[in-house]
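For reference, the structure is listed below as structure tokens.
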Amino acid sequence: MPDVHGVLIIARNGDRTEFYQDPYTYEPSYTESTPLGAAESHQLGCYLRSAYLNPSSDSYIQGIHADLVQNDQVLVHAKAGGEGTAIFDSGIAVLQGLFPPNSKNMIELANGTTVVTPLGGYQYIPVEMAPSGVDHALESWTECPAFEKHIKDVYASQEFQATAKSASNFFSVVHDYVFGRSTTLENAWNIYDYMDSQLLYNQTYAYRLPPTLIEQARGYANYHENALFSDKEIGGVGNIAGRTILHPILHSLQRITFDDDPLRLLLLETSYQPFISLFHMMEMVSEYPQLAAIPDHASALAFELLRGPAPERREFLRIKFKNGTNSEFETYHIFGHKGDIAVTEFMYRLENFAITSQKQWASACGVTGPSFEITSAAESMNMLFTIFSVLLLLGMFAFSWFKRRRATYVPVPIRDMRAVDNEKTRLLP
């Protein structure tokens, strides 16, 4: 039986407050995580720990430090834009479940005193977040003119118009339960998200809402999001959410397959959009049509890197998906395979469609103008430090030049100044 050599996990954030997205630009509103969302993400972290960090599990990651985290073995990215606040909180909650407090997380000082980290040995794991303006790996569809055109094209399509016509009765009925919000298929996501949030936290609303409306709202939201975050062409702009997240996936796969690299676990904490695009890009929807939908909160998509026995030691990928907290991991086959796929084939099929840089993103989105390549928090800090150093050197040079000028300055006598006071040199009367 092959060993699990490493795992890449894409996790959706847990529950949060109502989250509005502009139907035509996907410009996001503010939202924040809830205690329920934190509990969902923590539960996901505990589940992942039992699957991948338990030596008795068939999916145990070989060579990983399961009790006291070794930070060079674990890499965590969290989306900054859109639902960023809730996503970051969810990422922390997942990590708390993956690597719970351990009383052995301590250090002995020179004087013999032993200090344990707070909260009974809390484990601090770095989480990288790019600034929202350059977070195009995990939120590539906003401020993207080509994607906005894609949205308009979908809305204008015959299929969308026909679906909107057939849904007219639902939108007429639901009008009384969304309190002034636009009741059109174009606004299906916002209608469903509002109703779902109210149903969960507003008891009066829950008592009043007819039982079938929430299922219908979810169905139309699924149709809406699946239509926008997919494309007939694997490299089309409709798949941009999947194309950009492919870069950290493929890069981490290369690192894990390299024996001298310690990386064993990648966690990408993000929103629902990349799931939909990846399901289409990996040809999963054609085999499993139920995946053409919004994944539940705290869902997880896992890429398990399997390594066979010597002497060949070939490497394969096994894809698993867990839809929310009430389900288990299920194995899904991709690209028409009936089993695991070779890592080399996986990379060969997808690497040409991955967007790996800010320049490529700008080209795909039709954005013109200067771009700034920032891919991690560490690089961001390095760039800021470099800019600060250059400004400091320029300031020191300017100050030195000013001092030299002061030292060589010779006052001009008043009478000499009067000698050049004529009509040609006078600026003011």
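We name chains A, B, ... following the order of the structure tokens; residues begin at 1 in each chain, and ligands are numbered from 1 as shown.
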Who sits within 8 Å of A:Arg307, only C-alpha atoms, same chain under 5 positions skipped, as an mmCIF file with all heavy atoms, in the first residue's frame:
data_model
loop_
_atom_site.group_PDB
_atom_site.id
_atom_site.type_symbol
_atom_site.label_atom_id
_atom_site.label_comp_id
_atom_site.auth_asym_id
_atom_site.auth_seq_id
_atom_site.Cartn_x
_atom_site.Cartn_y
_atom_site.Cartn_z
ATOM 1 N N PRO A 2 0.624 2.215 -0.903
ATOM 2 C CA PRO A 2 1.465 3.412 -0.956
ATOM 3 C C PRO A 2 1.328 4.266 0.290
ATOM 4 O O PRO A 2 0.273 4.307 0.927
ATOM 5 C CB PRO A 2 0.955 4.144 -2.201
ATOM 6 C CG PRO A 2 -0.450 3.664 -2.380
ATOM 7 C CD PRO A 2 -0.465 2.250 -1.902
ATOM 8 N N ASP A 3 2.418 4.959 0.633
ATOM 9 C CA ASP A 3 2.415 5.865 1.778
ATOM 10 C C ASP A 3 1.977 7.259 1.343
ATOM 11 O O ASP A 3 2.202 7.671 0.201
ATOM 12 C CB ASP A 3 3.816 5.954 2.389
ATOM 13 C CG ASP A 3 4.270 4.633 2.991
ATOM 14 O OD1 ASP A 3 3.406 3.895 3.485
ATOM 15 O OD2 ASP A 3 5.478 4.354 2.945
ATOM 16 N N VAL A 4 1.362 7.993 2.288
ATOM 17 C CA VAL A 4 1.033 9.396 2.049
ATOM 18 C C VAL A 4 2.271 10.224 2.374
ATOM 19 O O VAL A 4 2.705 10.293 3.523
ATOM 20 C CB VAL A 4 -0.171 9.842 2.902
ATOM 21 C CG1 VAL A 4 -0.442 11.329 2.685
ATOM 22 C CG2 VAL A 4 -1.413 9.027 2.549
ATOM 23 N N HIS A 5 2.835 10.829 1.356
ATOM 24 C CA HIS A 5 4.081 11.579 1.517
ATOM 25 C C HIS A 5 3.834 13.050 1.844
ATOM 26 O O HIS A 5 4.708 13.735 2.376
ATOM 27 C CB HIS A 5 4.905 11.454 0.239
ATOM 28 C CG HIS A 5 6.324 11.891 0.366
ATOM 29 N ND1 HIS A 5 7.222 11.322 1.251
ATOM 30 C CD2 HIS A 5 7.014 12.879 -0.262
ATOM 31 C CE1 HIS A 5 8.385 11.916 1.146
ATOM 32 N NE2 HIS A 5 8.284 12.868 0.248
ATOM 33 N N ARG A 313 9.022 3.570 -6.756
ATOM 34 C CA ARG A 313 8.644 4.707 -5.923
ATOM 35 C C ARG A 313 7.914 5.773 -6.740
ATOM 36 O O ARG A 313 8.176 6.967 -6.622
ATOM 37 C CB ARG A 313 9.859 5.312 -5.225
ATOM 38 C CG ARG A 313 10.573 4.363 -4.295
ATOM 39 C CD ARG A 313 11.752 5.011 -3.613
ATOM 40 N NE ARG A 313 11.338 6.061 -2.701
ATOM 41 C CZ ARG A 313 10.919 5.858 -1.458
ATOM 42 N NH1 ARG A 313 10.825 4.632 -0.988
ATOM 43 N NH2 ARG A 313 10.565 6.858 -0.682
ATOM 44 N N ARG A 314 6.971 5.345 -7.566
ATOM 45 C CA ARG A 314 6.194 6.292 -8.364
ATOM 46 C C ARG A 314 5.254 7.075 -7.462
ATOM 47 O O ARG A 314 4.813 6.599 -6.418
ATOM 48 C CB ARG A 314 5.412 5.566 -9.443
ATOM 49 C CG ARG A 314 6.272 4.944 -10.525
ATOM 50 C CD ARG A 314 5.407 4.483 -11.684
ATOM 51 N NE ARG A 314 4.746 5.612 -12.338
ATOM 52 C CZ ARG A 314 3.756 5.476 -13.215
ATOM 53 N NH1 ARG A 314 3.301 4.264 -13.520
ATOM 54 N NH2 ARG A 314 3.189 6.548 -13.776
ATOM 55 N N GLU A 315 4.915 8.278 -7.896
ATOM 56 C CA GLU A 315 4.082 9.163 -7.088
ATOM 57 C C GLU A 315 2.748 9.419 -7.790
ATOM 58 O O GLU A 315 2.699 9.688 -8.990
ATOM 59 C CB GLU A 315 4.813 10.483 -6.821
ATOM 60 C CG GLU A 315 5.999 10.283 -5.888
ATOM 61 C CD GLU A 315 6.970 11.435 -5.895
ATOM 62 O OE1 GLU A 315 7.064 12.114 -6.948
ATOM 63 O OE2 GLU A 315 7.636 11.663 -4.879
ATOM 64 N N PHE A 316 1.678 9.325 -6.990
ATOM 65 C CA PHE A 316 0.329 9.503 -7.501
ATOM 66 C C PHE A 316 -0.418 10.515 -6.633
ATOM 67 O O PHE A 316 -0.025 10.794 -5.497
ATOM 68 C CB PHE A 316 -0.426 8.164 -7.496
ATOM 69 C CG PHE A 316 0.127 7.140 -8.443
ATOM 70 C CD1 PHE A 316 1.164 6.301 -8.050
ATOM 71 C CD2 PHE A 316 -0.377 7.026 -9.725
ATOM 72 C CE1 PHE A 316 1.687 5.358 -8.924
ATOM 73 C CE2 PHE A 316 0.132 6.083 -10.604
ATOM 74 C CZ PHE A 316 1.168 5.246 -10.208
#
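Proximity to stretch 208-210 of chain A at 8 Å, evaluated using only C-alpha atoms and with sequence-adjacent residues fewer than 3 positions away removed, yields Tyr177, Leu199, Thr204, Tyr205 and Leu213 of chain A.
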Task: Near-A:Phe179 list (12 Å; only C-alpha atoms; drop same-chain fewer than 5 positions) as a VMD selection string - done: chain A and resid 174 191 194 to 195 198 205
Those residues with C-alpha atoms, as a CSV table (one decimal), in the first residue's frame please?
chain,number,residue,atom,x,y,z
A,174,VAL,CA,-39.6,35.3,-2.3
A,191,ILE,CA,-30.9,36.4,-2.0
A,194,TYR,CA,-29.4,36.7,3.2
A,195,MET,CA,-32.1,34.0,3.7
A,198,GLN,CA,-31.6,35.0,8.7
A,205,TYR,CA,-37.7,34.8,10.4
Open item on the list: Based on the backbone DSSP call, show me all residues of stretch 211-303 of chain A assigned alpha helix (DSSP H), as a ChimeraX atom specification.
Closed with: /A:213-228,240-257,273-281
Task: All residues 9 Å or closer to A:Ser252, only C-alpha atoms, same chain fewer than 4 positions away omitted, as an NGL selection string - done: :A and (8 or 75 or 247-248 or 256-257 or 263-266)
Per residue of stretch 289-318 of chain A within 10 Å of stretch 13-27 of chain A, record the nearest atom pair and its distance in Å to one decimal, counting only C-alpha atoms, with rows in chain order and ascending residue number, as a Markdown table.
| residue | atom | partner | partner_atom | distance |
| --- | --- | --- | --- | --- |
| A:Asp296 | CA | A:Gly14 | CA | 8.5 |
| A:His297 | CA | A:Gly14 | CA | 4.7 |
| A:Ala298 | CA | A:Gly14 | CA | 4.7 |
| A:Ser299 | CA | A:Asn13 | CA | 7.7 |
| A:Ala300 | CA | A:Asn13 | CA | 9.4 |
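Running DSSP on the backbone gives strand (DSSP E or B) for these residues within stretch 256-379 of chain A: Leu265, Leu266, Leu267, Leu268, Glu269, Thr270, Ala300, Leu301, Ala302, Phe303, Glu304, Leu305, Leu306, Arg307, Glu315, Phe316, Leu317, Arg318, Ile319, Lys320, Phe321, Lys322, Glu330, Thr331, Tyr332, Ile341 and Ala342 of chain A.
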How would the residues just picked look written out with C-alpha atoms as a CSV table (one decimal), in the first residue's frame?
chain,number,residue,atom,x,y,z
A,265,LEU,CA,1.3,19.9,4.6
A,266,LEU,CA,-0.1,22.9,2.7
A,267,LEU,CA,-3.3,24.6,3.9
A,268,LEU,CA,-5.0,27.1,1.6
A,269,GLU,CA,-7.9,28.8,3.5
A,270,THR,CA,-10.2,30.5,1.0
A,300,ALA,CA,-12.2,20.7,2.3
A,301,LEU,CA,-10.6,19.5,-0.9
A,302,ALA,CA,-7.5,17.3,-0.3
A,303,PHE,CA,-4.7,16.3,-2.7
A,304,GLU,CA,-2.9,13.4,-1.2
A,305,LEU,CA,0.5,12.7,-2.6
A,306,LEU,CA,1.1,8.9,-2.5
A,307,ARG,CA,4.4,7.3,-3.0
A,315,GLU,CA,4.1,9.2,-7.1
A,316,PHE,CA,0.3,9.5,-7.5
A,317,LEU,CA,-2.4,11.9,-6.4
A,318,ARG,CA,-5.6,10.9,-4.7
A,319,ILE,CA,-8.3,13.6,-4.6
A,320,LYS,CA,-10.8,13.7,-1.7
A,321,PHE,CA,-13.6,16.1,-1.0
A,322,LYS,CA,-15.5,16.7,2.2
A,330,GLU,CA,-14.9,10.8,-0.3
A,331,THR,CA,-12.5,9.9,-3.1
A,332,TYR,CA,-13.2,11.5,-6.5
A,341,ILE,CA,-3.6,9.8,-11.2
A,342,ALA,CA,0.2,10.1,-11.7
- [ ] Would you mind telling me which residue in A:Ala39, A:Leu291, A:Ala206, A:Ala364 lies nearest to A:Ala93 when using only C-alpha atoms?
- [x] A:Ala39
Task: Given only C-alpha atoms as the counted atoms, nearest of A:Tyr192, A:Phe279, A:Trp361, A:Phe329 to A:Ala137 - done: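 The closest residue to A:Ala137 is A:Trp361.
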- [ ] Do a neighbour search on stretch 228-236 of chain A at 6 Å with only C-alpha atoms, toss out local chain neighbours closer than 5 positions, and write the hits as a list in words.
- [x]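 Residues near the query, excluding close chain neighbours: Ser277, Met281 and Phe353 of chain A.
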Task: Shell around stretch 46-48 of chain A at 8 Å using only C-alpha atoms, local window under 5 positions removed, as a PyMOL selection string - done: chain A and resi 53+94+97-98
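Minimum atom-to-atom distance to A:Val154, evaluated using only C-alpha atoms, belongs to A:Glu225 out of A:Asp67, A:Glu225, A:Glu128, A:Glu139.
Minimum distance to A:Gln123 across A:Met282, A:Ala86, A:Leu95, A:Ala292 (counting only C-alpha atoms) occurs at A:Leu95.
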Task: Gap from atom CA of A:Asp72 to atom CA of A:Gly45 - Å, one decimal - done: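 A separation of 18.9 Å between them.
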